[in-house]
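Down below is the structure, laid out as structure tokens.
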Amino acid sequence: MNLKAKIFLLAIVPFALAIGGIEYGVRQQATSLAQAQHATTQSAYMSSKELELRHYVEIAKSAISPYYDAPPGDPRSEDARRQLALDALQRLDFGQDGYFFVYTMRGKSLMHPRQPDLVGKDLWLMRDPNGALTIQALINQASRGGGYVRYVWRRPSTGKLAPKLGYVIPLERWGWMIGTGIYLEDVETTLARIDAQAASNIDRTVMWIGAIALAALASIALCAAVLNISEHRSADIKLKRLARQVVESQEQERARLSRELHDGISQMLVSVKLLLESALLRFERGKAREPDAEAALSTSLGRLSGTLREVRRISHALRPTMLDDLGLAAALEQLARELDGQEGLEVSFESASRPTDLPDTVNTVLFRIAQEALNNITRHAKATRAALTLDVSKHAVSLEIVDNGQGFDVSAILSDPARGLGLRNMRERLDTLGGKLRIESQLGRTAVVATVPLPLAAPNTQGHADAL
């Protein structure tokens, strides 16, 4: 990816994420405010309706109180007073769909101004379209001292079922339940209109944010298009030079650590081992034997020997001294011997000549490529044989690593960012020397060929040394 594309993406992606976050936040906040407004409006409206219903029922109760609370000497019979109370309630209404109803506590309708056909019927088992027992719900609320009930009932003005809020109270002495209600369609219509207006405002705000974002993106794209290409080339050269410096610094640090381990820690461990062996020999030759001490010393010697071998292995893995002392061919031959027989893998090395005058950079790059290739074979190829072939000519040096494993899809591996890291590292190492990497793979044979042009390697190496 070129520099202009990177800058373009670095500008566009954060900006797009920021705009997306702002748009999401604005929408969420606006939606939350709209929901809060809906809830507040609904609560306030319902509270006012509940208070209104309660006042209506209190008015109805006051209207029939002369009959319900008649003194003992009243000449009218109980049944006559009940009928007078029903007549009074029948005449009370408030609006087209506002009326009072009376039921016995067993569900029998005693008075219904808007639906006289229900009067006298037992509606105890009456259910709404959702299966709810409407009259039982009203009576249960009245039996608890009165209260509000939501249910579905036919609206007189339209003849259609509609949600309704009712308020009922009991008349214990007569065994009645009286109540009234209001239909909630008007409330829902008002709330729906408020919600629609809020949604329209939210959409309009988001559209404005989107328009501003598009204009800003166009400006960023225009600025990215006019970037100087020379800046891209300069940055690319600097990055490659830095990559070469990093690789060489890593190799120098590996060599230093390898020498420290080999010349420092290894020598100290050998000295400690000699001292322990001397102490163990004295115990064994002494007259007073100490079996426990001898066993402890023997165990310590065994573990110390293992530690010494591990230190030497790490030292060799960091930077084999043979690579610096005897050259690439000797180091590759030693690497093949070390891996031969491990994990059931037979490793061989061939070279027509033993060049010792190759540039250090070439030696290092080709040796690391061989290490990486053999590591991949051991871990993934399920191979039984692997062969390293070094070919040095006047104009180029070539290293070929071949195995008889299961193979892999080269293009798929190299295009997958989560895989093929080792192969990409090989290619990047060769790029610093102007070399090329060729990979061929199929079932039963995989070949990795690294080629470095010797006339080009020396100038690159010298130029790199000058840069350092």
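Just remember, in the structure tokens the first chain shown is A, the second B, etc., residues are 1-based per chain, and ligands are 1-based in the order shown.
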Can you list, as a VMD selection string, every protein, DNA or RNA residue that comes within 10 Å of A:Leu374 when you count only C-alpha atoms, leaving out same-chain residues fewer than 3 positions away?
chain A and resid 335 to 336 339 347 368 to 371 377 to 381 386 to 388 401 to 403
Quick one: pull the distance between atom CA of A:Arg282 and atom CA of A:Leu297, Å, one decimal.
11.4 Å
Work out how far apart atom CA of A:Asp128 and atom CA of A:Ile178 are and give it in Å to one decimal.
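Interatomic distance here is 19.9 Å.
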List the spatial neighbours of stretch 412-424 of chain A as a compact mmCIF listing (two decimals) with C-alpha atoms, in the first residue's frame - criterion: any atom at most 9 Å away, only C-alpha atoms, same-chain residues fewer than 5 positions off excluded.
```txt
# COMPACT_ATOMS: atom_id res chain seq x y z
CA ILE A 369 16.07 -18.53 5.85
CA GLU A 372 12.92 -20.72 9.26
CA ALA A 373 12.31 -23.21 6.44
CA ASN A 376 8.26 -24.82 9.16
CA ARG A 429 15.23 -10.33 4.33
CA LEU A 437 12.39 -16.00 -3.01
```
Give me the residues within 10 Å of stretch 140-153 of chain A as a ChimeraX atom specification, counting only C-alpha atoms and dropping any in the same chain fewer than 5 places off.
/A:50,53-54,105,127-130,132-135,159-172,175-184
Only N, CA and C atoms, please: the residues just picked out, written as a compact mmCIF listing (two decimals), in the first residue's frame.
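Final output, part-v9.txt:
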```
# COMPACT_ATOMS: atom_id res chain seq x y z
N GLU A 50 -56.70 9.26 35.45
CA GLU A 50 -57.07 8.49 36.65
C GLU A 50 -57.75 9.39 37.68
N LEU A 53 -61.29 10.08 36.48
CA LEU A 53 -62.19 8.95 36.70
C LEU A 53 -62.59 8.86 38.18
N ARG A 54 -61.61 9.07 39.03
CA ARG A 54 -61.92 8.99 40.46
C ARG A 54 -62.96 10.05 40.85
N MET A 105 -71.74 -8.28 42.56
CA MET A 105 -70.43 -8.83 42.84
C MET A 105 -70.30 -10.26 42.31
N ARG A 127 -65.11 -13.05 28.34
CA ARG A 127 -63.69 -12.89 28.03
C ARG A 127 -63.51 -11.90 26.88
N ASP A 128 -62.38 -11.20 26.92
CA ASP A 128 -62.06 -10.31 25.81
C ASP A 128 -61.33 -11.11 24.72
N PRO A 129 -60.97 -10.52 23.57
CA PRO A 129 -60.30 -11.27 22.50
C PRO A 129 -58.98 -11.91 22.93
N ASN A 130 -58.36 -11.40 23.99
CA ASN A 130 -57.12 -11.98 24.47
C ASN A 130 -57.34 -13.08 25.49
N ALA A 132 -58.86 -12.69 28.45
CA ALA A 132 -58.92 -12.21 29.83
C ALA A 132 -60.37 -12.16 30.30
N LEU A 133 -60.61 -12.50 31.57
CA LEU A 133 -61.94 -12.44 32.18
C LEU A 133 -62.18 -11.00 32.64
N THR A 134 -62.88 -10.23 31.80
CA THR A 134 -62.99 -8.79 32.02
C THR A 134 -63.77 -8.47 33.29
N ILE A 135 -64.97 -9.00 33.40
CA ILE A 135 -65.84 -8.65 34.54
C ILE A 135 -65.23 -9.14 35.84
N GLY A 159 -68.28 1.24 17.71
CA GLY A 159 -68.68 -0.16 17.66
C GLY A 159 -67.52 -1.12 17.60
N LYS A 160 -66.29 -0.62 17.79
CA LYS A 160 -65.10 -1.47 17.73
C LYS A 160 -64.48 -1.61 19.12
N LEU A 161 -63.78 -2.74 19.29
CA LEU A 161 -63.09 -2.97 20.55
C LEU A 161 -61.92 -1.99 20.68
N ALA A 162 -61.73 -1.48 21.88
CA ALA A 162 -60.68 -0.50 22.12
C ALA A 162 -60.18 -0.66 23.55
N PRO A 163 -58.91 -0.33 23.82
CA PRO A 163 -58.41 -0.40 25.19
C PRO A 163 -59.09 0.66 26.06
N LYS A 164 -59.31 0.30 27.31
CA LYS A 164 -60.08 1.17 28.20
C LYS A 164 -59.47 1.12 29.60
N LEU A 165 -59.52 2.26 30.28
CA LEU A 165 -59.11 2.35 31.67
C LEU A 165 -60.35 2.58 32.52
N GLY A 166 -60.60 1.67 33.44
CA GLY A 166 -61.79 1.79 34.29
C GLY A 166 -61.42 2.00 35.74
N TYR A 167 -62.36 2.61 36.47
CA TYR A 167 -62.20 2.78 37.91
C TYR A 167 -63.49 2.29 38.57
N VAL A 168 -63.36 1.39 39.51
CA VAL A 168 -64.53 0.77 40.15
C VAL A 168 -64.41 0.86 41.66
N ILE A 169 -65.60 0.88 42.33
CA ILE A 169 -65.66 0.83 43.79
C ILE A 169 -66.80 -0.11 44.18
N PRO A 170 -66.78 -0.66 45.36
CA PRO A 170 -67.86 -1.55 45.80
C PRO A 170 -68.91 -0.79 46.61
N LEU A 171 -70.12 -1.28 46.53
CA LEU A 171 -71.19 -0.89 47.47
C LEU A 171 -71.52 -2.16 48.25
N GLU A 172 -70.85 -2.33 49.41
CA GLU A 172 -70.90 -3.61 50.10
C GLU A 172 -72.31 -4.00 50.53
N GLY A 175 -74.14 -5.17 47.65
CA GLY A 175 -73.44 -6.18 46.85
C GLY A 175 -73.24 -5.75 45.40
N TRP A 176 -73.02 -4.45 45.23
CA TRP A 176 -72.86 -3.89 43.89
C TRP A 176 -71.40 -3.47 43.65
N MET A 177 -71.13 -3.35 42.37
CA MET A 177 -69.89 -2.72 41.91
C MET A 177 -70.29 -1.65 40.91
N ILE A 178 -69.92 -0.40 41.17
CA ILE A 178 -70.20 0.67 40.21
C ILE A 178 -68.86 1.21 39.71
N GLY A 179 -68.85 1.71 38.51
CA GLY A 179 -67.62 2.24 37.96
C GLY A 179 -67.86 2.95 36.66
N THR A 180 -66.80 3.49 36.12
CA THR A 180 -66.82 4.15 34.84
C THR A 180 -65.45 3.98 34.20
N GLY A 181 -65.25 4.54 33.02
CA GLY A 181 -63.96 4.38 32.35
C GLY A 181 -63.83 5.33 31.17
N ILE A 182 -62.63 5.43 30.69
CA ILE A 182 -62.35 6.22 29.49
C ILE A 182 -61.58 5.34 28.51
N TYR A 183 -61.81 5.55 27.25
CA TYR A 183 -61.11 4.79 26.22
C TYR A 183 -59.76 5.44 25.94
N LEU A 184 -58.75 4.58 25.77
CA LEU A 184 -57.37 5.04 25.67
C LEU A 184 -56.90 5.29 24.24
```
Per DSSP on the backbone, what are the alpha helix (DSSP H) residues of stretch 178-223 of chain A, as a tab-separated table (two decimals) with C-alpha atoms, in the first residue's frame?
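Once written, out_16.tsv looks like this:
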```tsv
chain	number	residue	atom	x	y	z
A	185	GLU	CA	-57.37	5.39	21.90
A	186	ASP	CA	-57.11	9.16	22.21
A	187	VAL	CA	-54.13	8.80	24.54
A	188	GLU	CA	-52.42	6.39	22.17
A	189	THR	CA	-53.11	8.65	19.18
A	190	THR	CA	-51.59	11.63	20.96
A	191	LEU	CA	-48.54	9.64	22.02
A	192	ALA	CA	-48.11	8.21	18.52
A	193	ARG	CA	-48.17	11.72	17.07
A	194	ILE	CA	-45.52	12.85	19.56
A	195	ASP	CA	-43.35	9.78	18.77
A	196	ALA	CA	-43.66	10.36	15.02
A	197	GLN	CA	-42.59	13.98	15.40
A	198	ALA	CA	-39.60	12.96	17.56
A	199	ALA	CA	-38.55	10.28	15.04
A	200	SER	CA	-38.78	12.81	12.23
A	201	ASN	CA	-36.56	15.23	14.14
A	202	ILE	CA	-34.02	12.46	14.84
A	203	ASP	CA	-33.89	11.44	11.16
A	204	ARG	CA	-33.46	15.04	10.09
A	205	THR	CA	-30.56	15.52	12.53
A	206	VAL	CA	-28.85	12.33	11.36
A	207	MET	CA	-29.24	13.42	7.73
A	208	TRP	CA	-27.53	16.72	8.51
A	209	ILE	CA	-24.67	14.89	10.23
A	210	GLY	CA	-24.34	12.59	7.23
A	211	ALA	CA	-24.24	15.51	4.81
A	212	ILE	CA	-21.54	17.25	6.84
A	213	ALA	CA	-19.57	13.98	7.02
A	214	LEU	CA	-19.74	13.49	3.25
A	215	ALA	CA	-18.52	17.03	2.65
A	216	ALA	CA	-15.64	16.53	5.08
A	217	LEU	CA	-14.72	13.18	3.51
A	218	ALA	CA	-14.62	14.81	0.09
A	219	SER	CA	-12.27	17.47	1.44
A	220	ILE	CA	-9.98	14.85	2.98
A	221	ALA	CA	-9.95	12.85	-0.24
A	222	LEU	CA	-9.03	15.97	-2.21
A	223	CYS	CA	-6.19	16.81	0.16
```
Measuring between only C-alpha atoms, which one of A:Ala16, A:Leu242, A:Ala137, A:Ala88 shows the shortest distance to A:Pro113?
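Under the stated criterion, the closest residue is A:Ala88.
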Please, what distance in Å, to one decimal, runs between atom CA of A:Tyr99 and atom CA of A:Arg173?
23.0 Å
As a PyMOL selection string, list the residues of stretch 86-312 of chain A assigned to strand (DSSP E or B) by DSSP on the backbone atoms of this structure.
chain A and resi 93+99-104+108-111+122+127+133+147-154+161-171+176-183
Output C-alpha atoms for every residue in that selection, as a short mmCIF file (atom, residue, chain, number, x, y, z; two decimals), in the first residue's frame.
```cif
data_model
loop_
_atom_site.label_atom_id
_atom_site.label_comp_id
_atom_site.auth_asym_id
_atom_site.auth_seq_id
_atom_site.Cartn_x
_atom_site.Cartn_y
_atom_site.Cartn_z
CA ASP A 93 -72.81 10.64 31.53
CA TYR A 99 -71.03 6.45 31.14
CA PHE A 100 -71.39 4.51 34.41
CA PHE A 101 -72.04 0.79 34.79
CA VAL A 102 -73.32 -1.34 37.67
CA TYR A 103 -72.76 -5.06 38.29
CA THR A 104 -73.47 -7.36 41.16
CA LYS A 108 -74.69 -9.81 36.72
CA SER A 109 -75.18 -6.55 34.78
CA LEU A 110 -77.70 -4.24 36.50
CA MET A 111 -77.30 -1.09 34.44
CA ASP A 122 -74.59 -12.97 33.93
CA ARG A 127 -63.69 -12.89 28.03
CA LEU A 133 -61.94 -12.44 32.18
CA GLY A 147 -59.10 0.81 42.00
CA TYR A 148 -58.08 1.02 38.35
CA VAL A 149 -58.31 -1.75 35.77
CA ARG A 150 -57.19 -1.83 32.13
CA TYR A 151 -59.28 -3.95 29.83
CA VAL A 152 -60.74 -4.11 26.33
CA TRP A 153 -64.35 -3.07 25.66
CA ARG A 154 -66.51 -2.13 22.74
CA LEU A 161 -63.09 -2.97 20.55
CA ALA A 162 -60.68 -0.50 22.12
CA PRO A 163 -58.41 -0.40 25.19
CA LYS A 164 -60.08 1.17 28.20
CA LEU A 165 -59.11 2.35 31.67
CA GLY A 166 -61.79 1.79 34.29
CA TYR A 167 -62.20 2.78 37.91
CA VAL A 168 -64.53 0.77 40.15
CA ILE A 169 -65.66 0.83 43.79
CA PRO A 170 -67.86 -1.55 45.80
CA LEU A 171 -71.19 -0.89 47.47
CA TRP A 176 -72.86 -3.89 43.89
CA MET A 177 -69.89 -2.72 41.91
CA ILE A 178 -70.20 0.67 40.21
CA GLY A 179 -67.62 2.24 37.96
CA THR A 180 -66.82 4.15 34.84
CA GLY A 181 -63.96 4.38 32.35
CA ILE A 182 -62.35 6.22 29.49
CA TYR A 183 -61.11 4.79 26.22
#
```
Determine the nearest neighbour of A:Thr361 from the options A:Glu343, A:Ser300, A:Leu454, A:Arg438, counting only C-alpha atoms.
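Closest to A:Thr361, using only C-alpha atoms: A:Leu454.
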Counting only C-alpha atoms, what is within 12 Å of A:Arg303, bar same-chain residues fewer than 6 positions away, as a ChimeraX atom specification?
/A:269,272-273,276,296-297,309-310
Write out, as an mmCIF file, in the first residue's frame, the residues just selected, with C-alpha atoms.
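Heads up, here's the output in selection14.cif:
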```cif
data_model
loop_
_atom_site.group_PDB
_atom_site.id
_atom_site.type_symbol
_atom_site.label_atom_id
_atom_site.label_comp_id
_atom_site.auth_asym_id
_atom_site.auth_seq_id
_atom_site.Cartn_x
_atom_site.Cartn_y
_atom_site.Cartn_z
ATOM 1 C CA LEU A 269 28.899 -23.550 34.905
ATOM 2 C CA VAL A 272 30.905 -25.222 39.244
ATOM 3 C CA LYS A 273 30.595 -28.663 37.729
ATOM 4 C CA LEU A 276 30.919 -30.537 42.491
ATOM 5 C CA ALA A 296 22.339 -34.911 46.396
ATOM 6 C CA LEU A 297 25.660 -34.101 44.726
ATOM 7 C CA ARG A 309 23.755 -28.262 27.536
ATOM 8 C CA GLU A 310 20.713 -25.973 27.413
#
```
